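Novice: Below is one structure. I have some questions about it.
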2 protein chains.
Amino acid sequence: MSTPKASRDPVDAIVDQWAAVRPDLDTAAMEVFGRVYRLARTMGDRMEKAYARFGISRGEFDVIATLRRSGAPHTLSPRQLSATLMLTTGGMTGRLDKLERAGLLRRSPDLHDRRALQVTLTDKGLAVVDEAVGAGLALQTEALSALDEEQAGQLADLLRQLLAGTVNPPS
Amino acid sequence: MSTPKASRDPVDAIVDQWAAVRPDLDTAAMEVFGRVYRLARTMGDRMEKAYARFGISRGEFDVIATLRRSGAPHTLSPRQLSATLMLTTGGMTGRLDKLERAGLLRRSPDLHDRRALQVTLTDKGLAVVDEAVGAGLALQTEALSALDEEQAGQLADLLRQLLAGTVNPPS
DNA sequence: GGAAAGTAGCTTAGCGCTAAGCTATTTCTG
DNA sequence: CAGAAATAGCTTAGCGCTAAGCTACTTTCC
């Protein structure tokens with residue numbers, strides 16, 4: 001009965017199950033990615049609920065947050081938005097339709113390129129995103145309080161390093 | 001021009017953008033969760049492709065992997081599977097339909113409870129999952145090689161701690 | 001032992017996404 | 001400067017999920 005490094009979690013249980021039936025497998029990577037998937041899912045669900053209070057989904061929040069972040073005049077093209085959000089143009093059309101109907105943004109013609117549009121946050125959209133971003137961050141901050149400040153910084157650094165190697169495999 | 005702690009990544013850029021337009025926000029939590037979401041998404045996409053070589057989706061892999069992990073005789077009920085995989089029963093029905101059609105598992109009546117079914121891996125299903133799990137782990141292991149062994153262990157521990165506080169908010 | 005409550009799995013409607021294909025417009029190329 | 005290639009945004013079909021409702025069966029409770 002030695003000291004456990006931390007309370008066992010569902011991922012530990014899965015790793016143990018694999019060890020019992022396939023002891024040849026190297027499951028070390030599962031300890032990281034299994035937890036990454038679970039965190040993304042559980043926190044994602046909670047974020048969804050947090051944004052629902054403002055009448056928007058998480059995907060819709062991402063759109064208006066991207067416009068907000070870009071600074072005044074809070075204008076980007078659908079193309080820029082879909083590229084930033086890693087979304088197909090078809091998916092973007094749907095999100096913009098919903099947000100435009102809700103009065104949070106408007107589409108206007110691009111004067112320099114008649115194929116293109118400009119998507120601009122309305123006053124209402126600006127007000128909603130400025131409130132919603134605070135609510136979302138509060139939720140994440142609370143979740144992160146499971147770690148102390150040094151641990152949180154360490155975690156962010158490790159994730160940055162992992163992400164860099166993952167997206168840009170050093171060939 | 002001081003030493004960067006690591007090469008800047010897209011999440012750093014987003015944090016900087018927020019700092020420019022909303023300097024009042026505490027974006028520390030975004031440094032963690034922003035990267036968790038991205039990692040889950042990019043690695044998820046790559047896992048999807050890895051499993052596609054075996055004719056299955058990631059969701060379908062999760063089903064046969066859960067059966068495999070449970071040990072001989074590789075049998076669970078749809079209810080157990082949907083609970084483990086955090087899926088509605090409707091979603092489970094669809095996955096089982098596809099896997100049964102592909103001959104990777106079979107549904108049979110539960111002799112003790114006539115409402116219930118038993119889902120059992122076929123020989124073919126067992127062969128597929130035993131190959132696919134190796135391919136999936138290889139992909140994850142390669143991605144994780146961006147970190148050394150100590151860092152990987154540290155990351156797993158920090159994620160375990162964060163996940164524990166997130167799922168079970170200590171009230 | 002019979003009514004009420006609970007549970008297992010399926011079906012349907014609706015949602016949001018992707019992939020593929022479309023038209024209109026712009027940019028590249030010889 | 002004309003034809004070819006690329007690009008912007010939209011539409012449609014299809015996919016996999018959820019939420020809600022259904023039937024069949026089992027368990028609980030007087």
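All residue names refer to the structure tokens as shown: chains lettered A, B, ... in order, residues numbered from 1 in each chain, ligands numbered from 1 in order.
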Please determine the contact residues of chain A with respect to chain D at a cut-off of 10 Å, counting only C-alpha atoms (C1' of nucleotides), and supply them as a count of residues only.

Specialist: 12

Novice: Write out as a PyMOL selection string all residues of chain A that backbone DSSP assigns to alpha helix (DSSP H).

Specialist: chain A and resi 10-21+28-52+58-69+78-84+89-101+123-144+149-167

Novice: Residues near Tyr51 (chain B), anyone? I mean within 9 Å using only C-alpha atoms (C1' of nucleotides), not counting same-chain ones fewer than 5 positions away, as a count of residues only.

Specialist: 9

Novice: Which residues are near Val129 (chain B)? Cut-off 10 Å, only C-alpha atoms (C1' of nucleotides), ignore same chain within fewer than 6 positions. Put them as a PDB file with N, CA and C atoms, in the first residue's frame.

Specialist:
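Result saved to part-v6.pdb:
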```pdb
ATOM      1  N   TYR B  51      -7.184   4.827 -38.632  1.00  0.00           N
ATOM      2  CA  TYR B  51      -8.141   3.725 -38.519  1.00  0.00           C
ATOM      3  C   TYR B  51      -8.831   3.462 -39.857  1.00  0.00           C
ATOM      4  N   PHE B  54      -8.203   0.442 -41.835  1.00  0.00           N
ATOM      5  CA  PHE B  54      -8.811  -0.823 -41.429  1.00  0.00           C
ATOM      6  C   PHE B  54     -10.315  -0.839 -41.703  1.00  0.00           C
ATOM      7  N   ILE B  56     -12.570   1.271 -40.627  1.00  0.00           N
ATOM      8  CA  ILE B  56     -13.425   1.703 -39.523  1.00  0.00           C
ATOM      9  C   ILE B  56     -13.159   3.165 -39.185  1.00  0.00           C
ATOM     10  N   GLU B  60     -16.042   3.838 -34.277  1.00  0.00           N
ATOM     11  CA  GLU B  60     -16.204   2.388 -34.368  1.00  0.00           C
ATOM     12  C   GLU B  60     -15.036   1.666 -33.712  1.00  0.00           C
ATOM     13  N   PHE B  61     -13.839   2.214 -33.893  1.00  0.00           N
ATOM     14  CA  PHE B  61     -12.695   1.626 -33.188  1.00  0.00           C
ATOM     15  C   PHE B  61     -12.936   1.616 -31.681  1.00  0.00           C
ATOM     16  N   ASP B  62     -13.453   2.716 -31.157  1.00  0.00           N
ATOM     17  CA  ASP B  62     -13.683   2.793 -29.712  1.00  0.00           C
ATOM     18  C   ASP B  62     -14.593   1.667 -29.237  1.00  0.00           C
ATOM     19  N   VAL B  63     -15.572   1.308 -30.063  1.00  0.00           N
ATOM     20  CA  VAL B  63     -16.491   0.238 -29.674  1.00  0.00           C
ATOM     21  C   VAL B  63     -15.762  -1.102 -29.607  1.00  0.00           C
ATOM     22  N   ILE B  64     -15.061  -1.456 -30.680  1.00  0.00           N
ATOM     23  CA  ILE B  64     -14.422  -2.776 -30.672  1.00  0.00           C
ATOM     24  C   ILE B  64     -13.230  -2.805 -29.712  1.00  0.00           C
ATOM     25  N   ALA B  65     -12.609  -1.649 -29.469  1.00  0.00           N
ATOM     26  CA  ALA B  65     -11.517  -1.604 -28.498  1.00  0.00           C
ATOM     27  C   ALA B  65     -12.063  -1.831 -27.084  1.00  0.00           C
ATOM     28  N   THR B  66     -13.235  -1.299 -26.806  1.00  0.00           N
ATOM     29  CA  THR B  66     -13.831  -1.503 -25.484  1.00  0.00           C
ATOM     30  C   THR B  66     -14.158  -2.981 -25.270  1.00  0.00           C
ATOM     31  N   LEU B  67     -14.673  -3.614 -26.316  1.00  0.00           N
ATOM     32  CA  LEU B  67     -14.945  -5.052 -26.226  1.00  0.00           C
ATOM     33  C   LEU B  67     -13.645  -5.830 -26.022  1.00  0.00           C
ATOM     34  N   ARG B  68     -12.631  -5.474 -26.780  1.00  0.00           N
ATOM     35  CA  ARG B  68     -11.348  -6.172 -26.704  1.00  0.00           C
ATOM     36  C   ARG B  68     -10.736  -6.067 -25.314  1.00  0.00           C
ATOM     37  N   LEU B 104     -17.676  -7.423 -37.906  1.00  0.00           N
ATOM     38  CA  LEU B 104     -16.683  -7.319 -36.837  1.00  0.00           C
ATOM     39  C   LEU B 104     -17.260  -7.708 -35.478  1.00  0.00           C
ATOM     40  N   LEU B 121     -17.492  -9.601 -30.044  1.00  0.00           N
ATOM     41  CA  LEU B 121     -16.521  -9.459 -31.115  1.00  0.00           C
ATOM     42  C   LEU B 121     -16.428 -10.780 -31.900  1.00  0.00           C
ATOM     43  N   ALA B 135      -1.614   0.357 -34.571  1.00  0.00           N
ATOM     44  CA  ALA B 135      -1.411   1.492 -35.478  1.00  0.00           C
ATOM     45  C   ALA B 135      -1.732   2.812 -34.786  1.00  0.00           C
TER      46      ALA B 135
END
```

Novice: What's the separation between CA of Thr166 (chain B) and CA of Ser145 (chain B), in Å to one decimal place?

Specialist: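 Calculated distance between CA of Thr166 (chain B) and CA of Ser145 (chain B) is 26.9 Å.
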
Novice: Give me the residues of chain B that have any atom at most 8 Å from an atom of chain A; for each, the nearest atom pair and the distance in Å, rounded to one decimal. Use only C-alpha atoms, sort by chain and number, and format it as JSON lines.

Specialist:
```
{"residue": "B:Ala6", "atom": "CA", "partner": "A:Gln161", "partner_atom": "CA", "distance": 7.3}
{"residue": "B:Asp9", "atom": "CA", "partner": "A:Arg160", "partner_atom": "CA", "distance": 7.0}
{"residue": "B:Ile14", "atom": "CA", "partner": "A:Arg69", "partner_atom": "CA", "distance": 7.7}
{"residue": "B:Gln17", "atom": "CA", "partner": "A:Arg69", "partner_atom": "CA", "distance": 5.6}
{"residue": "B:Trp18", "atom": "CA", "partner": "A:Arg69", "partner_atom": "CA", "distance": 5.6}
{"residue": "B:Val21", "atom": "CA", "partner": "A:Gly71", "partner_atom": "CA", "distance": 6.2}
{"residue": "B:Leu25", "atom": "CA", "partner": "A:Gly134", "partner_atom": "CA", "distance": 7.3}
{"residue": "B:Asp26", "atom": "CA", "partner": "A:Leu137", "partner_atom": "CA", "distance": 7.5}
{"residue": "B:Thr27", "atom": "CA", "partner": "A:Leu137", "partner_atom": "CA", "distance": 7.0}
{"residue": "B:Ala28", "atom": "CA", "partner": "A:Thr141", "partner_atom": "CA", "distance": 7.5}
{"residue": "B:Ala29", "atom": "CA", "partner": "A:Thr141", "partner_atom": "CA", "distance": 5.2}
{"residue": "B:Met30", "atom": "CA", "partner": "A:Leu137", "partner_atom": "CA", "distance": 7.3}
{"residue": "B:Glu31", "atom": "CA", "partner": "A:Ala156", "partner_atom": "CA", "distance": 5.7}
{"residue": "B:Val32", "atom": "CA", "partner": "A:Ala156", "partner_atom": "CA", "distance": 4.9}
{"residue": "B:Phe33", "atom": "CA", "partner": "A:Gln140", "partner_atom": "CA", "distance": 7.3}
{"residue": "B:Arg35", "atom": "CA", "partner": "A:Leu159", "partner_atom": "CA", "distance": 6.3}
{"residue": "B:Val36", "atom": "CA", "partner": "A:Val36", "partner_atom": "CA", "distance": 6.0}
{"residue": "B:Tyr37", "atom": "CA", "partner": "A:Ala40", "partner_atom": "CA", "distance": 5.4}
{"residue": "B:Arg38", "atom": "CA", "partner": "A:Leu163", "partner_atom": "CA", "distance": 7.9}
{"residue": "B:Leu39", "atom": "CA", "partner": "A:Leu163", "partner_atom": "CA", "distance": 6.2}
{"residue": "B:Ala40", "atom": "CA", "partner": "A:Tyr37", "partner_atom": "CA", "distance": 5.4}
{"residue": "B:Thr42", "atom": "CA", "partner": "A:Val167", "partner_atom": "CA", "distance": 7.3}
{"residue": "B:Met43", "atom": "CA", "partner": "A:Thr166", "partner_atom": "CA", "distance": 7.6}
{"residue": "B:Arg68", "atom": "CA", "partner": "A:Val21", "partner_atom": "CA", "distance": 8.0}
{"residue": "B:Arg69", "atom": "CA", "partner": "A:Trp18", "partner_atom": "CA", "distance": 5.6}
{"residue": "B:Ser70", "atom": "CA", "partner": "A:Gln17", "partner_atom": "CA", "distance": 7.0}
{"residue": "B:Gly71", "atom": "CA", "partner": "A:Val21", "partner_atom": "CA", "distance": 6.2}
{"residue": "B:Gly134", "atom": "CA", "partner": "A:Leu25", "partner_atom": "CA", "distance": 7.3}
{"residue": "B:Leu137", "atom": "CA", "partner": "A:Ala29", "partner_atom": "CA", "distance": 6.9}
{"residue": "B:Gln140", "atom": "CA", "partner": "A:Ala29", "partner_atom": "CA", "distance": 5.7}
{"residue": "B:Thr141", "atom": "CA", "partner": "A:Ala29", "partner_atom": "CA", "distance": 5.2}
{"residue": "B:Ala143", "atom": "CA", "partner": "A:Thr166", "partner_atom": "CA", "distance": 5.4}
{"residue": "B:Leu144", "atom": "CA", "partner": "A:Ala29", "partner_atom": "CA", "distance": 6.3}
{"residue": "B:Ala146", "atom": "CA", "partner": "A:Gly165", "partner_atom": "CA", "distance": 5.4}
{"residue": "B:Leu147", "atom": "CA", "partner": "A:Leu162", "partner_atom": "CA", "distance": 6.6}
{"residue": "B:Gln151", "atom": "CA", "partner": "A:Leu158", "partner_atom": "CA", "distance": 7.3}
{"residue": "B:Ala152", "atom": "CA", "partner": "A:Val32", "partner_atom": "CA", "distance": 7.4}
{"residue": "B:Leu155", "atom": "CA", "partner": "A:Leu155", "partner_atom": "CA", "distance": 6.5}
{"residue": "B:Ala156", "atom": "CA", "partner": "A:Val32", "partner_atom": "CA", "distance": 4.9}
{"residue": "B:Asp157", "atom": "CA", "partner": "A:Ala6", "partner_atom": "CA", "distance": 7.8}
{"residue": "B:Leu158", "atom": "CA", "partner": "A:Leu155", "partner_atom": "CA", "distance": 6.6}
{"residue": "B:Leu159", "atom": "CA", "partner": "A:Arg35", "partner_atom": "CA", "distance": 6.3}
{"residue": "B:Arg160", "atom": "CA", "partner": "A:Arg35", "partner_atom": "CA", "distance": 6.9}
{"residue": "B:Gln161", "atom": "CA", "partner": "A:Ala146", "partner_atom": "CA", "distance": 6.9}
{"residue": "B:Leu162", "atom": "CA", "partner": "A:Ala146", "partner_atom": "CA", "distance": 5.6}
{"residue": "B:Leu163", "atom": "CA", "partner": "A:Leu39", "partner_atom": "CA", "distance": 6.2}
{"residue": "B:Ala164", "atom": "CA", "partner": "A:Asp9", "partner_atom": "CA", "distance": 7.2}
{"residue": "B:Gly165", "atom": "CA", "partner": "A:Ala146", "partner_atom": "CA", "distance": 5.3}
{"residue": "B:Thr166", "atom": "CA", "partner": "A:Ala143", "partner_atom": "CA", "distance": 5.4}
{"residue": "B:Val167", "atom": "CA", "partner": "A:Thr42", "partner_atom": "CA", "distance": 7.3}
{"residue": "B:Pro169", "atom": "CA", "partner": "A:Ala143", "partner_atom": "CA", "distance": 7.9}
```

Novice: Could you state the separation of CA of Ser108 (chain B) and C1' of DT12 (chain C) in Å, given to one decimal place?

Specialist: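 Going from CA of Ser108 (chain B) over to C1' of DT12 (chain C), I get 24.6 Å.
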
Novice: Please give the complete set of residues from region 3-171 of chain B that DSSP, run on the backbone, assigns to strand (DSSP E or B), formatted as a ChimeraX atom specification.

Specialist: /B:75-76,105-109,117-121

Novice: For chain C against chain B, with a cut-off of 9 Å and counting only C-alpha atoms (C1' of nucleotides), what is the closest atom pair and its distance in Å to one decimal for every residue that makes the cut, ordered by chain and number, as a tab-separated table?

Specialist:
```
residue	atom	partner	partner_atom	distance
C:DT7	C1'	B:Arg115	CA	8.4
C:DA8	C1'	B:Arg115	CA	5.1
C:DG9	C1'	B:Ala116	CA	7.1
C:DC10	C1'	B:Gly90	CA	7.4
C:DT11	C1'	B:Gly90	CA	8.4
```

Novice: Please compute the CA of Leu87 (chain B)-CA of Leu105 (chain B) distance, one decimal, in Å.

Specialist: 18.3 Å
